[in-house]
Amino acid sequence: MRRRSFAKNSLEVELFPFLSILACTIGTLILLIIVLTTQLLKDERAITIIAKQETAGENQGKIPRYVECREDGVLLHPSQVFVPKSDINNRRSPLNQLIREVEKNKDKQYLIVVLRPQGIDVFQQVRDIVEKRGIDIGYEPIDEDWTLKIEELNNNEN
């Protein structure tokens with residue numbers, strides 16, 4: 001009897017193309033993880049406040065004036081003048097000068113108040129003053145540790 005011989009024609013599988021694609025995918029994922037974690041681990045975040053000029057709305061065509069309410073007082077932008085909490089109701093304070101200026105130009109200007117979490121009491125005081133004078137007001141709450149950038153329009157001053 002004759003023995004059957006089995007052919008040893010086995011298929012060889014090349015894994016090199018698969019492994020190279022896998023290595024590229026892993027490298028891309030590692031790069032993505034590094035980029036995302038470095039952005040998350042930054043100590044400061046910055047926020048830019050931009051007053052949109054919309055075609056419809058109550059403050060259409062008005063120029064925004066910016067005030068930042070903090071725990072210890074008010075910071076006026078872009079001049080960076082600080083008004084302590086104790087001087088908010090003082091008629092000679094820079095804040096009240098700004099409010100009088102906006103009040104004179106109610107049809108051309110309005111106030112945007114940037115609100116920090118610890119500045120809620122200060123915000124209440126500022127809002128009471130502004131609303132008594134009939135000035136349009138908007139507000140934007142931001143986190144305590146964020147850095148504020150004000151985007152100025154070319155024509156935001158008289």
# chains A, B, ... in the order shown; residues from 1 in each chain; ligands from 1

$ select_by_dssp --residues "range 58-138 of chain A" --states "strand (DSSP E or B)" --output "list in words"
Ile63, Pro64, Arg65, Tyr66, Val67, Glu68, Cys69, Gly73, Val74, Leu75, Leu76, His77, Val81, Phe82, Val83, Pro84, Gln109, Tyr110, Leu111, Ile112, Val113, Val114, Leu115, Ile137 and Gly138 of chain A

$ write_last_selection --atoms "C-alpha atoms" --output "short mmCIF file (atom, residue, chain, number, x, y, z; two decimals), in the first residue's frame"
data_model
loop_
_atom_site.label_atom_id
_atom_site.label_comp_id
_atom_site.auth_asym_id
_atom_site.auth_seq_id
_atom_site.Cartn_x
_atom_site.Cartn_y
_atom_site.Cartn_z
CA ILE A 63 -20.98 100.05 21.74
CA PRO A 64 -20.24 97.81 24.75
CA ARG A 65 -18.44 99.06 27.86
CA TYR A 66 -16.92 96.36 30.06
CA VAL A 67 -16.89 95.98 33.85
CA GLU A 68 -15.54 92.96 35.78
CA CYS A 69 -17.07 92.16 39.18
CA GLY A 73 -14.35 95.26 43.87
CA VAL A 74 -14.81 96.18 40.23
CA LEU A 75 -12.23 96.27 37.44
CA LEU A 76 -12.98 98.57 34.51
CA HIS A 77 -11.87 97.47 31.05
CA VAL A 81 -8.81 100.81 36.75
CA PHE A 82 -9.79 99.03 39.96
CA VAL A 83 -12.61 100.32 42.17
CA PRO A 84 -12.70 98.76 45.68
CA GLN A 109 -23.59 102.45 24.58
CA TYR A 110 -24.46 99.66 26.98
CA LEU A 111 -22.71 97.84 29.81
CA ILE A 112 -21.40 94.27 29.80
CA VAL A 113 -20.60 92.95 33.27
CA VAL A 114 -18.18 90.03 33.60
CA LEU A 115 -19.15 88.09 36.71
CA ILE A 137 -26.89 95.72 30.76
CA GLY A 138 -25.63 92.30 29.84
#

$ residues_around --residues "range 86-93 of chain A" --least-positions-apart "3" --cutoff "9 Å" --atoms "only C-alpha atoms" --output "PyMOL selection string"
chain A and resi 72-74+83+96-98+122+125-126+129

$ atom_distance --atom1 "CA of Val102 in chain A" --atom2 "CA of Tyr139 in chain A"
15.7 Å
